[in-house]
Structure formats: C-alpha cells, structure tokens
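Raw contents of upload_33.tsv, TSV, C-alpha atoms (C1' of nucleotides):
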chain	number	residue	atom	x	y	z
A	255	MET	CA	113.50	104.73	-7.01
A	256	THR	CA	112.38	103.80	-10.54
A	257	GLY	CA	111.77	100.13	-11.23
A	258	ASP	CA	111.20	99.35	-7.57
A	259	THR	CA	107.43	99.09	-7.78
A	260	ARG	CA	107.82	96.95	-10.85
A	261	GLN	CA	109.99	94.47	-8.95
A	262	THR	CA	107.63	94.43	-5.98
A	263	ILE	CA	104.72	93.63	-8.27
A	264	MET	CA	106.69	90.82	-9.88
A	265	ASP	CA	107.72	89.35	-6.53
A	266	ALA	CA	104.14	89.24	-5.29
A	267	ALA	CA	102.90	87.85	-8.59
A	268	ARG	CA	105.52	85.12	-8.82
A	269	ALA	CA	104.70	83.80	-5.35
A	270	THR	CA	101.01	83.59	-6.22
A	271	VAL	CA	101.53	81.92	-9.60
A	272	GLN	CA	103.82	79.28	-8.11
A	273	ALA	CA	101.33	78.61	-5.32
A	274	ARG	CA	98.01	78.82	-7.13
A	275	GLY	CA	98.57	79.22	-10.87
A	276	TYR	CA	98.62	81.97	-13.47
A	277	ASN	CA	94.85	82.01	-13.80
A	278	ALA	CA	94.44	82.46	-10.06
A	279	LEU	CA	96.61	85.58	-10.21
A	280	SER	CA	94.54	88.70	-9.52
A	281	PHE	CA	95.58	92.30	-10.18
A	282	ARG	CA	93.45	93.48	-7.28
A	283	GLU	CA	95.12	91.01	-4.93
A	284	ILE	CA	98.63	92.00	-6.06
A	285	ALA	CA	97.60	95.63	-5.65
A	286	LYS	CA	96.68	95.03	-2.01
A	287	ASP	CA	100.03	93.29	-1.36
A	288	VAL	CA	101.98	96.07	-3.03
A	289	GLY	CA	99.93	98.92	-1.59
A	290	ILE	CA	98.69	100.53	-4.81
A	291	LYS	CA	95.45	100.35	-6.77
A	292	SER	CA	94.90	97.62	-9.34
A	293	ALA	CA	94.65	100.14	-12.16
A	294	SER	CA	98.21	101.26	-11.37
A	295	ILE	CA	99.60	97.83	-12.17
A	296	HIS	CA	98.59	98.39	-15.78
A	297	TYR	CA	101.03	101.29	-15.91
A	298	HIS	CA	103.89	98.84	-15.30
A	299	PHE	CA	102.36	95.87	-17.13
A	300	PRO	CA	99.69	96.88	-19.67
A	301	THR	CA	98.10	93.42	-19.66
A	302	LYS	CA	98.19	90.33	-17.48
A	303	GLY	CA	100.03	88.59	-20.31
A	304	ASP	CA	102.79	91.21	-20.16
A	305	LEU	CA	103.19	90.49	-16.46
A	306	GLY	CA	103.19	86.74	-17.06
A	307	ALA	CA	105.81	87.00	-19.80
A	308	ALA	CA	108.05	89.23	-17.65
A	309	LEU	CA	107.67	86.77	-14.79
A	310	ALA	CA	108.66	83.79	-16.91
A	311	LYS	CA	111.60	85.65	-18.45
A	312	ARG	CA	113.02	86.79	-15.10
A	313	TYR	CA	112.51	83.29	-13.72
A	314	THR	CA	114.49	81.76	-16.58
A	315	ASP	CA	117.25	84.38	-16.34
A	316	ASP	CA	117.65	83.91	-12.58
A	317	ALA	CA	117.64	80.14	-12.80
A	318	MET	CA	120.13	80.03	-15.68
A	319	ALA	CA	122.50	82.44	-13.94
A	320	TYR	CA	122.66	80.03	-11.01
A	321	PHE	CA	122.84	76.91	-13.17
A	322	ASP	CA	125.65	78.39	-15.26
A	323	SER	CA	127.57	79.19	-12.09
A	324	LEU	CA	127.37	75.47	-11.29
A	325	LEU	CA	129.09	74.73	-14.59
A	326	ASP	CA	131.87	77.22	-13.83
A	327	GLN	CA	132.58	75.73	-10.43
A	328	ASP	CA	134.85	72.72	-10.21
A	329	LEU	CA	132.25	70.20	-9.08
A	330	ASP	CA	131.93	66.52	-9.76
A	331	LEU	CA	128.95	65.45	-11.83
A	332	GLU	CA	126.88	64.09	-8.93
A	333	THR	CA	127.26	67.23	-6.81
A	334	ARG	CA	126.47	69.55	-9.71
A	335	PHE	CA	123.42	67.56	-10.67
A	336	ALA	CA	122.24	67.31	-7.06
A	337	ARG	CA	122.34	71.11	-6.80
A	338	TYR	CA	120.32	71.37	-10.00
A	339	VAL	CA	117.66	69.03	-8.65
A	340	ALA	CA	117.68	70.91	-5.32
A	341	VAL	CA	116.33	74.02	-7.06
A	342	PHE	CA	113.17	72.17	-8.11
A	343	ARG	CA	112.88	70.61	-4.67
A	344	ALA	CA	113.13	74.04	-3.04
A	345	ALA	CA	109.90	75.19	-4.73
A	346	LEU	CA	108.00	72.32	-3.10
A	347	ALA	CA	109.67	72.98	0.25
A	348	ASN	CA	108.34	76.54	0.02
A	349	ASP	CA	104.67	75.84	0.89
A	350	ASN	CA	104.16	73.15	-1.76
A	351	ARG	CA	104.83	75.66	-4.52
A	352	MET	CA	105.81	74.55	-7.98
A	353	CYS	CA	108.38	75.61	-10.52
A	354	LEU	CA	106.91	78.56	-12.44
A	355	TYR	CA	107.56	76.66	-15.64
A	356	GLY	CA	105.57	73.60	-14.58
A	357	VAL	CA	102.55	75.66	-13.59
A	358	MET	CA	102.56	77.63	-16.81
A	359	ALA	CA	103.12	74.57	-19.00
A	360	ALA	CA	100.00	73.03	-17.45
A	361	GLU	CA	98.03	76.21	-18.17
A	362	TYR	CA	99.52	76.49	-21.66
A	363	GLY	CA	96.16	76.42	-23.42
A	364	ASP	CA	95.08	79.61	-21.68
A	365	LEU	CA	98.32	81.55	-22.16
A	366	PRO	CA	98.85	84.47	-24.56
A	367	ASP	CA	101.44	83.84	-27.27
A	368	HIS	CA	104.24	85.93	-25.81
A	369	VAL	CA	103.91	84.11	-22.49
A	370	ARG	CA	104.15	80.79	-24.30
A	371	THR	CA	107.37	81.96	-25.93
A	372	GLU	CA	108.93	82.56	-22.50
A	373	VAL	CA	107.67	79.22	-21.20
A	374	ASP	CA	109.32	77.47	-24.15
A	375	ALA	CA	112.54	79.37	-23.45
A	376	PHE	CA	112.77	77.92	-19.94
A	377	SER	CA	112.58	74.33	-21.10
A	378	ALA	CA	115.01	74.97	-23.98
A	379	ALA	CA	117.53	76.60	-21.63
A	380	ASN	CA	117.26	73.72	-19.16
A	381	VAL	CA	117.74	71.10	-21.85
A	382	GLY	CA	120.77	73.03	-23.11
A	383	TRP	CA	122.23	73.11	-19.61
A	384	LEU	CA	121.59	69.41	-19.05
A	385	VAL	CA	123.35	68.57	-22.31
A	386	LYS	CA	126.45	70.31	-20.96
A	387	ALA	CA	126.14	68.86	-17.47
A	388	LEU	CA	125.35	65.29	-18.47
A	389	GLY	CA	127.56	65.12	-21.58
A	390	PRO	CA	130.75	63.96	-19.83
A	391	ALA	CA	128.87	61.04	-18.26
A	392	HIS	CA	127.63	59.81	-21.64
A	393	PRO	CA	130.52	59.52	-24.11
A	394	ASP	CA	128.54	56.69	-25.70
A	395	LEU	CA	125.65	58.94	-26.84
A	396	ASP	CA	125.76	61.00	-30.03
A	397	ASP	CA	124.49	64.61	-30.05
A	398	THR	CA	120.88	63.73	-30.79
A	399	ALA	CA	120.71	60.91	-28.26
A	400	LEU	CA	122.32	63.12	-25.62
A	401	ARG	CA	119.82	65.89	-26.27
A	402	ASP	CA	116.94	63.43	-26.07
A	403	ARG	CA	118.35	62.14	-22.80
A	404	ALA	CA	118.64	65.68	-21.42
A	405	LEU	CA	115.05	66.42	-22.43
A	406	ALA	CA	113.90	63.21	-20.75
A	407	VAL	CA	115.77	64.03	-17.54
A	408	PHE	CA	114.17	67.48	-17.47
A	409	ALA	CA	110.72	66.01	-18.07
A	410	ALA	CA	111.26	63.40	-15.36
A	411	ILE	CA	112.20	66.05	-12.78
A	412	GLU	CA	109.19	68.18	-13.71
A	413	GLY	CA	107.00	65.10	-13.42
A	414	ALA	CA	108.38	64.28	-9.99
A	415	GLN	CA	107.55	67.80	-8.91
A	416	LEU	CA	104.05	67.68	-10.39
A	417	VAL	CA	103.15	64.38	-8.74
A	418	ALA	CA	104.66	65.42	-5.39
A	419	ARG	CA	102.67	68.66	-5.50
A	420	GLY	CA	99.54	66.69	-6.37
A	421	ARG	CA	100.09	64.59	-3.24
A	422	GLY	CA	101.08	67.60	-1.18
A	423	ASP	CA	104.08	65.53	-0.07
A	424	ILE	CA	107.68	66.50	-0.75
A	425	GLY	CA	108.69	62.98	0.25
A	426	VAL	CA	107.18	61.83	-3.05
A	427	PHE	CA	109.65	64.06	-4.88
A	428	ASP	CA	112.61	62.58	-3.00
A	429	THR	CA	111.40	59.01	-3.46
A	430	THR	CA	110.84	59.55	-7.17
A	431	ILE	CA	114.25	61.13	-7.78
A	432	ALA	CA	115.82	58.28	-5.81
A	433	ALA	CA	114.00	55.75	-7.99
A	434	TYR	CA	115.24	57.51	-11.16
A	435	ARG	CA	118.77	57.24	-9.82
A	436	ALA	CA	118.34	53.64	-8.68
A	437	ALA	CA	117.25	52.76	-12.22
A	438	GLY	CA	120.44	54.37	-13.55
A	439	PHE	CA	118.44	57.01	-15.37
A	440	MET	CA	120.13	60.02	-13.81
A	441	PRO	CA	123.31	60.66	-11.82
B	256	MET	CA	66.02	61.57	-19.24
B	257	THR	CA	67.40	62.37	-15.80
B	258	GLY	CA	71.18	62.64	-15.52
B	259	ASP	CA	71.55	63.58	-19.16
B	260	THR	CA	72.12	67.28	-18.56
B	261	ARG	CA	74.54	66.41	-15.82
B	262	GLN	CA	76.62	64.31	-18.23
B	263	THR	CA	76.50	66.98	-20.91
B	264	ILE	CA	77.78	69.55	-18.41
B	265	MET	CA	80.60	67.24	-17.37
B	266	ASP	CA	81.61	66.52	-20.96
B	267	ALA	CA	81.86	70.21	-21.80
B	268	ALA	CA	83.69	70.97	-18.57
B	269	ARG	CA	86.22	68.18	-18.94
B	270	ALA	CA	87.21	69.31	-22.42
B	271	THR	CA	87.79	72.86	-21.19
B	272	VAL	CA	89.77	71.86	-18.10
B	273	GLN	CA	92.05	69.57	-20.13
B	274	ALA	CA	92.60	72.33	-22.70
B	275	ARG	CA	92.82	75.42	-20.51
B	276	GLY	CA	92.79	74.46	-16.84
B	277	TYR	CA	90.35	74.27	-13.95
B	278	ASN	CA	90.62	77.98	-13.21
B	279	ALA	CA	89.80	78.85	-16.81
B	280	LEU	CA	86.58	76.88	-16.54
B	281	SER	CA	83.56	79.19	-16.62
B	282	PHE	CA	79.99	78.31	-15.66
B	283	ARG	CA	78.66	80.83	-18.14
B	284	GLU	CA	80.72	79.30	-20.94
B	285	ILE	CA	79.60	75.75	-20.10
B	286	ALA	CA	76.02	77.06	-19.97
B	287	LYS	CA	76.30	78.35	-23.54
B	288	ASP	CA	77.71	75.00	-24.74
B	289	VAL	CA	74.97	73.04	-23.00
B	290	GLY	CA	72.14	75.43	-23.86
B	291	ILE	CA	71.01	76.37	-20.36
B	292	LYS	CA	71.65	79.34	-18.07
B	293	SER	CA	74.67	79.42	-15.80
B	294	ALA	CA	72.50	79.49	-12.68
B	295	SER	CA	71.02	76.13	-13.74
B	296	ILE	CA	74.42	74.44	-13.50
B	297	HIS	CA	74.32	75.05	-9.76
B	298	TYR	CA	71.27	72.80	-9.57
B	299	HIS	CA	73.44	69.88	-10.77
B	300	PHE	CA	76.69	71.01	-9.14
B	301	PRO	CA	76.17	73.41	-6.23
B	302	THR	CA	79.71	74.78	-6.46
B	303	LYS	CA	82.54	74.75	-8.98
B	304	GLY	CA	84.43	72.48	-6.59
B	305	ASP	CA	81.60	69.92	-6.74
B	306	LEU	CA	81.88	69.92	-10.51
B	307	GLY	CA	85.67	69.62	-10.36
B	308	ALA	CA	85.51	66.71	-7.91
B	309	ALA	CA	82.90	64.88	-10.01
B	310	LEU	CA	85.05	65.45	-13.10
B	311	ALA	CA	88.16	64.02	-11.46
B	312	LYS	CA	86.28	61.04	-10.03
B	313	ARG	CA	84.68	60.11	-13.35
B	314	TYR	CA	88.04	60.55	-15.08
B	315	THR	CA	89.72	58.16	-12.65
B	316	ASP	CA	86.90	55.61	-12.89
B	317	ASP	CA	86.92	55.61	-16.69
B	318	ALA	CA	90.70	55.38	-16.90
B	319	MET	CA	90.94	52.58	-14.36
B	320	ALA	CA	88.17	50.58	-16.04
B	321	TYR	CA	90.24	50.60	-19.22
B	322	PHE	CA	93.55	49.99	-17.47
B	323	ASP	CA	92.10	47.05	-15.55
B	324	SER	CA	90.83	45.57	-18.80
B	325	LEU	CA	94.43	45.63	-19.99
B	326	LEU	CA	95.40	43.48	-17.00
B	327	ASP	CA	92.64	40.97	-17.78
B	328	GLN	CA	93.70	40.59	-21.40
B	329	ASP	CA	96.49	38.18	-22.22
B	330	LEU	CA	99.06	40.74	-23.34
B	331	ASP	CA	102.80	40.74	-23.05
B	332	LEU	CA	104.32	43.39	-20.81
B	333	GLU	CA	105.49	45.70	-23.61
B	334	THR	CA	102.12	45.76	-25.36
B	335	ARG	CA	100.20	46.34	-22.15
B	336	PHE	CA	102.50	49.14	-21.09
B	337	ALA	CA	102.44	50.72	-24.55
B	338	ARG	CA	98.64	50.88	-24.37
B	339	TYR	CA	98.87	52.52	-20.98
B	340	VAL	CA	101.24	55.19	-22.30
B	341	ALA	CA	99.03	55.65	-25.37
B	342	VAL	CA	96.24	56.98	-23.13
B	343	PHE	CA	98.40	59.88	-21.98
B	344	ARG	CA	99.60	60.47	-25.52
B	345	ALA	CA	96.02	60.63	-26.75
B	346	ALA	CA	95.30	63.70	-24.61
B	347	LEU	CA	98.09	65.60	-26.36
B	348	ALA	CA	96.96	64.36	-29.76
B	349	ASN	CA	93.55	65.87	-28.96
B	350	ASP	CA	94.42	69.57	-29.51
B	351	ASN	CA	97.41	69.60	-27.15
B	352	ARG	CA	95.17	68.77	-24.21
B	353	MET	CA	96.57	67.33	-21.04
B	354	CYS	CA	95.60	64.56	-18.67
B	355	LEU	CA	93.00	65.97	-16.27
B	356	TYR	CA	95.18	64.84	-13.41
B	357	GLY	CA	98.24	66.75	-14.58
B	358	VAL	CA	96.32	69.99	-15.00
B	359	MET	CA	94.72	69.72	-11.60
B	360	ALA	CA	97.94	68.72	-9.84
B	361	ALA	CA	99.54	71.90	-11.21
B	362	GLU	CA	96.61	73.96	-9.92
B	363	TYR	CA	96.59	72.09	-6.61
B	364	GLY	CA	97.10	75.22	-4.51
B	365	ASP	CA	93.84	76.69	-5.75
B	366	LEU	CA	91.72	73.53	-5.41
B	367	PRO	CA	89.05	72.91	-2.74
B	368	ASP	CA	89.77	69.99	-0.42
B	369	HIS	CA	87.33	67.52	-1.93
B	370	VAL	CA	88.81	68.11	-5.39
B	371	ARG	CA	92.29	67.45	-4.00
B	372	THR	CA	91.05	64.14	-2.62
B	373	GLU	CA	89.96	63.05	-6.10
B	374	VAL	CA	93.23	64.24	-7.63
B	375	ASP	CA	95.17	62.15	-5.10
B	376	ALA	CA	92.97	59.16	-5.92
B	377	PHE	CA	94.01	59.26	-9.58
B	378	SER	CA	97.72	59.09	-8.82
B	379	ALA	CA	97.21	56.40	-6.17
B	380	ALA	CA	95.16	54.27	-8.59
B	381	ASN	CA	97.76	54.64	-11.33
B	382	VAL	CA	100.62	53.70	-9.04
B	383	GLY	CA	98.63	50.66	-7.89
B	384	TRP	CA	98.05	49.63	-11.49
B	385	LEU	CA	101.71	50.09	-12.41
B	386	VAL	CA	102.77	47.93	-9.49
B	387	LYS	CA	100.67	45.11	-10.95
B	388	ALA	CA	101.74	45.73	-14.53
B	389	LEU	CA	105.46	46.18	-13.89
B	390	GLY	CA	105.81	43.64	-11.07
B	391	PRO	CA	106.54	40.59	-13.27
B	392	ALA	CA	109.39	42.47	-14.96
B	393	HIS	CA	111.07	43.23	-11.63
B	394	PRO	CA	111.41	40.06	-9.56
B	395	ASP	CA	114.55	41.67	-8.10
B	396	LEU	CA	112.64	44.53	-6.40
B	397	ASP	CA	110.93	44.18	-3.02
B	398	ASP	CA	107.45	45.65	-2.43
B	399	THR	CA	108.68	49.08	-1.41
B	400	ALA	CA	111.20	49.39	-4.21
B	401	LEU	CA	108.61	48.23	-6.75
B	402	ARG	CA	106.09	50.80	-5.49
B	403	ASP	CA	108.74	53.52	-5.67
B	404	ARG	CA	109.57	52.44	-9.18
B	405	ALA	CA	105.88	52.53	-10.18
B	406	LEU	CA	105.52	56.01	-8.71
B	407	ALA	CA	108.60	57.16	-10.62
B	408	VAL	CA	107.30	55.72	-13.89
B	409	PHE	CA	103.98	57.51	-13.38
B	410	ALA	CA	105.78	60.78	-12.59
B	411	ALA	CA	108.02	60.41	-15.63
B	412	ILE	CA	105.05	59.93	-17.96
B	413	GLU	CA	103.25	62.93	-16.46
B	414	GLY	CA	106.43	64.96	-16.87
B	415	ALA	CA	106.79	63.93	-20.51
B	416	GLN	CA	103.24	65.10	-21.06
B	417	LEU	CA	103.77	68.38	-19.24
B	418	VAL	CA	106.93	69.27	-21.16
B	419	ALA	CA	105.43	68.22	-24.51
B	420	ARG	CA	102.35	70.38	-23.83
B	421	GLY	CA	104.65	73.26	-22.86
B	422	ARG	CA	106.34	72.94	-26.24
B	423	GLY	CA	103.08	72.39	-28.04
B	424	ASP	CA	104.79	69.42	-29.70
B	425	ILE	CA	103.64	65.83	-29.30
B	426	GLY	CA	106.95	64.72	-30.78
B	427	VAL	CA	108.57	65.77	-27.51
B	428	PHE	CA	106.36	63.25	-25.71
B	429	ASP	CA	107.39	60.45	-28.07
B	430	THR	CA	111.08	61.36	-27.89
B	431	THR	CA	110.98	61.53	-24.11
B	432	ILE	CA	109.24	58.17	-23.70
B	433	ALA	CA	111.73	56.67	-26.15
B	434	ALA	CA	114.60	58.07	-24.07
B	435	TYR	CA	113.12	56.57	-20.89
B	436	ARG	CA	112.97	53.22	-22.63
B	437	ALA	CA	116.45	53.56	-24.13
B	438	ALA	CA	117.79	54.16	-20.62
B	439	GLY	CA	116.09	50.95	-19.47
B	440	PHE	CA	113.83	52.88	-17.14
B	441	MET	CA	110.56	51.58	-18.52
B	442	PRO	CA	109.48	48.69	-20.79
C	294	DA	C1'	62.44	67.98	-10.78
C	295	DC	C1'	64.56	71.38	-13.29
C	296	DC	C1'	65.25	76.02	-14.88
C	297	DT	C1'	65.51	81.25	-14.73
C	298	DG	C1'	66.45	86.57	-13.87
C	299	DA	C1'	68.29	89.56	-10.82
C	300	DA	C1'	71.50	90.70	-7.52
C	301	DC	C1'	76.11	90.34	-5.02
C	302	DA	C1'	81.16	90.82	-4.75
C	303	DC	C1'	84.64	89.51	-7.65
C	304	DC	C1'	87.80	89.79	-12.26
C	305	DG	C1'	91.02	92.35	-16.30
C	306	DT	C1'	90.91	96.38	-18.90
C	307	DT	C1'	90.28	101.23	-20.39
C	308	DC	C1'	90.46	106.05	-19.84
C	309	DA	C1'	90.04	110.64	-18.42
C	310	DA	C1'	91.84	112.94	-14.61
C	311	DG	C1'	95.01	113.91	-11.05
C	312	DT	C1'	100.01	114.90	-9.00
D	18	DA	C1'	106.57	109.56	-14.38
D	19	DC	C1'	103.33	107.41	-11.70
D	20	DC	C1'	98.87	106.86	-9.67
D	21	DT	C1'	93.66	106.96	-9.22
D	22	DG	C1'	88.23	106.40	-9.51
D	23	DA	C1'	84.79	105.14	-12.33
D	24	DA	C1'	83.02	102.42	-15.81
D	25	DC	C1'	82.78	98.12	-18.83
D	26	DA	C1'	81.90	93.19	-19.62
D	27	DC	C1'	83.26	89.30	-17.27
D	28	DC	C1'	83.25	85.64	-13.06
D	29	DG	C1'	80.94	82.12	-9.12
D	30	DT	C1'	77.24	82.14	-6.07
D	31	DT	C1'	72.62	82.89	-3.97
D	32	DC	C1'	67.78	83.06	-3.97
D	33	DA	C1'	63.13	83.97	-4.81
D	34	DA	C1'	60.28	82.81	-8.49
D	35	DG	C1'	58.69	80.15	-12.27
D	36	DT	C1'	57.13	75.51	-14.74
Take the structure in the file and give it back as structure tokens.
Amino acid sequence: MTGDTRQTIMDAARATVQARGYNALSFREIAKDVGIKSASIHYHFPTKGDLGAALAKRYTDDAMAYFDSLLDQDLDLETRFARYVAVFRAALANDNRMCLYGVMAAEYGDLPDHVRTEVDAFSAANVGWLVKALGPAHPDLDDTALRDRALAVFAAIEGAQLVARGRGDIGVFDTTIAAYRAAGFMP
Amino acid sequence: MTGDTRQTIMDAARATVQARGYNALSFREIAKDVGIKSASIHYHFPTKGDLGAALAKRYTDDAMAYFDSLLDQDLDLETRFARYVAVFRAALANDNRMCLYGVMAAEYGDLPDHVRTEVDAFSAANVGWLVKALGPAHPDLDDTALRDRALAVFAAIEGAQLVARGRGDIGVFDTTIAAYRAAGFMP
DNA sequence: ACCTGAACACCGTTCAAGT
DNA sequence: ACCTGAACACCGTTCAAGT
C-alpha cells in the first residue's frame, strides 16, 4: 500500500527525536527499525531536513486536530485547559520523552530553514489556540495583552517540560504546573 | 602554560553547544578552531561525555559565582531578579544562543550519565538561589511552597528562552517575561 | 607532557543499477 | 514505483608512535 512505508519511517523517526533529539536521529537506525536499507529512506525523504520538516508538520497537525476538538466540546475552562496540559505531560510519561517542538526549538541553530518554518508553526498554532481557550477567563485583557499572556502560558508549559526532562522526573512537571496555578498564572 | 589548551577547547565547545547543541558538537571542528588535531582533544578530554560534563560544570560554577555576588550586594528584590533574568537574555542576544542547561536538558536522552549529573546540578543550584532571592517577597509561603515556586520561576524563564529561540526573536523573551510579571508570577 | 597519523565503525548523501 | 550496494566526506574513538 503506497504511503505505508513513509508513515512507518515517520513513526520510528518521531519516537527517536522525542527521546534523543533531531541530531541523534540516524537514517541507518531508522532503516533497521523499518526493515529497509538507509539509502531507501532518501526515496521517501530526499534529505534529513525533509524528514524533520514532515515530522514537525504532522506533529502540529495531529496536535491541533485534538486541541480544536477540545474547543468544540462543551467543557468548562479548567477541564479544557487540563486536557491541553495533559498532552505535554504524556510525552514525559512516555519514557521521559519531550514534545517534538521543545526538542527542535533547542536544536534550532542546527536546523535547516524549512524545518525551522514548521517549528515556528507549532508555537504559533498553540498560541492561537490558547488565545481562544483563555480568552473567556480574561475579559480584562485587550487583544495584545491576551496574546502575550497566551504566549507566556505556552512558554511556561514548555519550560516545565524541559526542566522535568532535565531532572528525569515527571513529578517536577506536576509540581511546576501546580505552582503556576497556585500563583494564579494559569487556570 | 598548562591548562591553556584545555580552556581554549572548552571555550570553542561551549559556543557551539549553545548555538547548535551537544550532538552537533564535533571534535574535528573544535580542533580546527583551536589549531590542533582532533585526536589531541582526547588527551584533554578522553571522551565527548567528559568534555560535555566539564562544560556543564564550569557553566554552573561561573553562573553561580555571579548569582551569589548578586545576593551579597545590597540590591532591592526587583533589581537583583532583573539581573538574574538578564543572564538568560544575554544568551539569546548572543546570536540566538541558548543557556547551556536548556540545550542539554532537551538532549537529555542522548547524554552520558555523568553529563546528566552536571545538568541536574545546574537546575538544583538555580532553584536554591531563587529560594534565597525570592524568599523575602513570600513570607506567606512555607519552605515547600517556596521551593516549588522557585522551581516554577526557573522553569518559566527556561521556557521563555526556549520559545524565543524557536522563534528566533528575542522580543518573544521580553514579552513573555513581561507577561509573567504582569500576572504577578515573578518580581 | 602533549601531540599526531592511521585505522575502526559510524554518519548523511549520491548515484547507477536493479525489480 | 520502490529498493539496493557501493562510494564519498564526515563523525568519535583508539593506539602506536613521535617530540
């Protein structure tokens, strides 16, 4: 079935990037996982950058499809936001992996341009979503202030994930999110 | 003078890691910068992990020496904290580089054990410092709550840096820190 | 004490060749 | 349409050899 190998390659690659980083991703290693030769991967993704960009794009699309479904459902603000945060927590719960975005943002300096574009798209999409999700709770903030708040909430969640991963302790993520909430910074 | 080459190697390596990541660091590239052969680097640092661990340790020592000097000086809380944040901002101002800690935390899954130990030490030292610096502003918080708050502030700053680097825009860092402050989350 | 060249098994990439 | 083996310039690491 056409496209199948392509998906299998991407699945193997995504797991490795989230666990060990984009630079640690090896075509020969993916090839072993998938059961083809490393040269064959170049048929599906001419360069490593093409694979990285496709990875980031699919990651954003999948995440946003789920996040948008949370907006469609009739949920109260706390529940909706908790489910959003749970997605970032799930990466850590899965063998101390990290959000694909966070890994790639840290490796930004070594990323080809078209991968950077996809990395930017993830953060922009998340900020856009947070503006919609948090808006009702902040009638006091104007558009700019609300957007800045959404950006800050996104950054804070990414930071919680980064520090928790650096400690190898998901409890650090939970404690940090709880402290954000206790300070009244997020719902 | 003994130790000189060792320092030169570390200087070149640190700049590369902060710009492009630990995995992007190449012994042959450092060798060219320093003016020796790549095999010679192994005389000073037997493995890449030894170099990474030494890098992280020196980074923590240097940062903490400066941070502790901020505690000794007679500064008000806002000024002291602003100088702390300025250190993380400076990395971005320097060619969109990132805090060595943030880069390494993101690449945690691919790090040898003794490098992880040094990465952990940086976050622990920063949280300890923040407990001292923020304590006077939070007489209401008990020891545990204050430590959680310090951890959250550290995570939030790292997150601001990560997202700003991912956008390639230092303005995102400034906006995010300003939003944290506007929300009353940090001084 | 410090450096080097040569070798090893790795890496992404290219390309002519297979089916 | 999809895969492969062989070659290229890279990588960290080892080691015998130089000064």
Exercise answer, chain D residues close to chain A, 9 Å and all atoms listed in the file, as a list of chain:residue names: D:DC19, D:DC20, D:DT21
Chain B contacts to chain A at 7 Å (only C-alpha atoms) as a ChimeraX atom specification: /B:274-276,278-279,358,360-365,374-375,403-404,406-407,410-411,413-415,417-418,420-422,430-431,434-435,438,440
Test item: residues at most 8 Å from stretch 29-33 of chain D, all atoms listed in the file, excluding those fewer than 4 positions along its chain, as a list in words: Phe282, Thr302 and Lys303 of chain B
Expected residue set, 9 Å radius at (102.1, 45.4, -17.5), all atoms listed in the file, as an MDAnalysis selection string: chainID B and resid 325:326 330:337 339 384:392 442
Computed interatomic separation between atom C1' of C:DG298 and atom CA of B:Met265 (Å): 24.2 Å
Atom-to-atom span, atom CA of B:Ala268 and atom C1' of D:DG35, Å: 27.4 Å
Restore N, CA, C and O atoms in stretch 358-373 of chain A and list the result as a short mmCIF file (atom, residue, chain, number, x, y, z; two decimals), in the frame of the given file.
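After the write, selection-v2.cif holds the following:
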data_model
loop_
_atom_site.label_atom_id
_atom_site.label_comp_id
_atom_site.auth_asym_id
_atom_site.auth_seq_id
_atom_site.Cartn_x
_atom_site.Cartn_y
_atom_site.Cartn_z
N MET A 358 102.95 76.98 -15.56
CA MET A 358 102.56 77.63 -16.81
C MET A 358 102.42 76.64 -17.96
O MET A 358 101.58 76.81 -18.84
N ALA A 359 103.24 75.59 -17.96
CA ALA A 359 103.12 74.57 -19.00
C ALA A 359 101.76 73.89 -18.89
O ALA A 359 101.11 73.61 -19.91
N ALA A 360 101.30 73.67 -17.66
CA ALA A 360 100.00 73.03 -17.45
C ALA A 360 98.86 73.94 -17.89
O ALA A 360 97.81 73.48 -18.31
N GLU A 361 99.07 75.25 -17.79
CA GLU A 361 98.03 76.21 -18.17
C GLU A 361 98.25 76.73 -19.60
O GLU A 361 97.63 77.74 -20.00
N TYR A 362 99.10 76.05 -20.33
CA TYR A 362 99.52 76.49 -21.66
C TYR A 362 98.37 76.92 -22.56
O TYR A 362 98.46 77.93 -23.26
N GLY A 363 97.30 76.15 -22.54
CA GLY A 363 96.16 76.42 -23.42
C GLY A 363 95.49 77.75 -23.17
O GLY A 363 94.76 78.25 -24.03
N ASP A 364 95.73 78.35 -22.02
CA ASP A 364 95.08 79.61 -21.68
C ASP A 364 96.08 80.77 -21.65
O ASP A 364 95.76 81.84 -21.13
N LEU A 365 97.25 80.55 -22.22
CA LEU A 365 98.32 81.55 -22.16
C LEU A 365 98.42 82.35 -23.46
O LEU A 365 98.36 81.78 -24.55
N PRO A 366 98.60 83.68 -23.36
CA PRO A 366 98.85 84.47 -24.56
C PRO A 366 100.16 84.03 -25.22
O PRO A 366 101.04 83.49 -24.55
N ASP A 367 100.28 84.30 -26.51
CA ASP A 367 101.44 83.84 -27.27
C ASP A 367 102.79 84.25 -26.69
O ASP A 367 103.72 83.46 -26.64
N HIS A 368 102.92 85.50 -26.27
CA HIS A 368 104.24 85.93 -25.81
C HIS A 368 104.62 85.33 -24.46
O HIS A 368 105.79 85.24 -24.13
N VAL A 369 103.60 84.86 -23.71
CA VAL A 369 103.91 84.11 -22.49
C VAL A 369 104.40 82.71 -22.87
O VAL A 369 105.37 82.20 -22.30
N ARG A 370 103.74 82.11 -23.82
CA ARG A 370 104.15 80.79 -24.30
C ARG A 370 105.61 80.79 -24.75
O ARG A 370 106.36 79.86 -24.49
N THR A 371 105.99 81.85 -25.45
CA THR A 371 107.37 81.96 -25.93
C THR A 371 108.35 81.88 -24.76
O THR A 371 109.38 81.19 -24.85
N GLU A 372 108.03 82.56 -23.67
CA GLU A 372 108.93 82.56 -22.50
C GLU A 372 108.92 81.22 -21.79
O GLU A 372 109.94 80.78 -21.24
N VAL A 373 107.77 80.55 -21.80
CA VAL A 373 107.67 79.22 -21.20
C VAL A 373 108.56 78.25 -21.98
O VAL A 373 109.33 77.47 -21.39
#
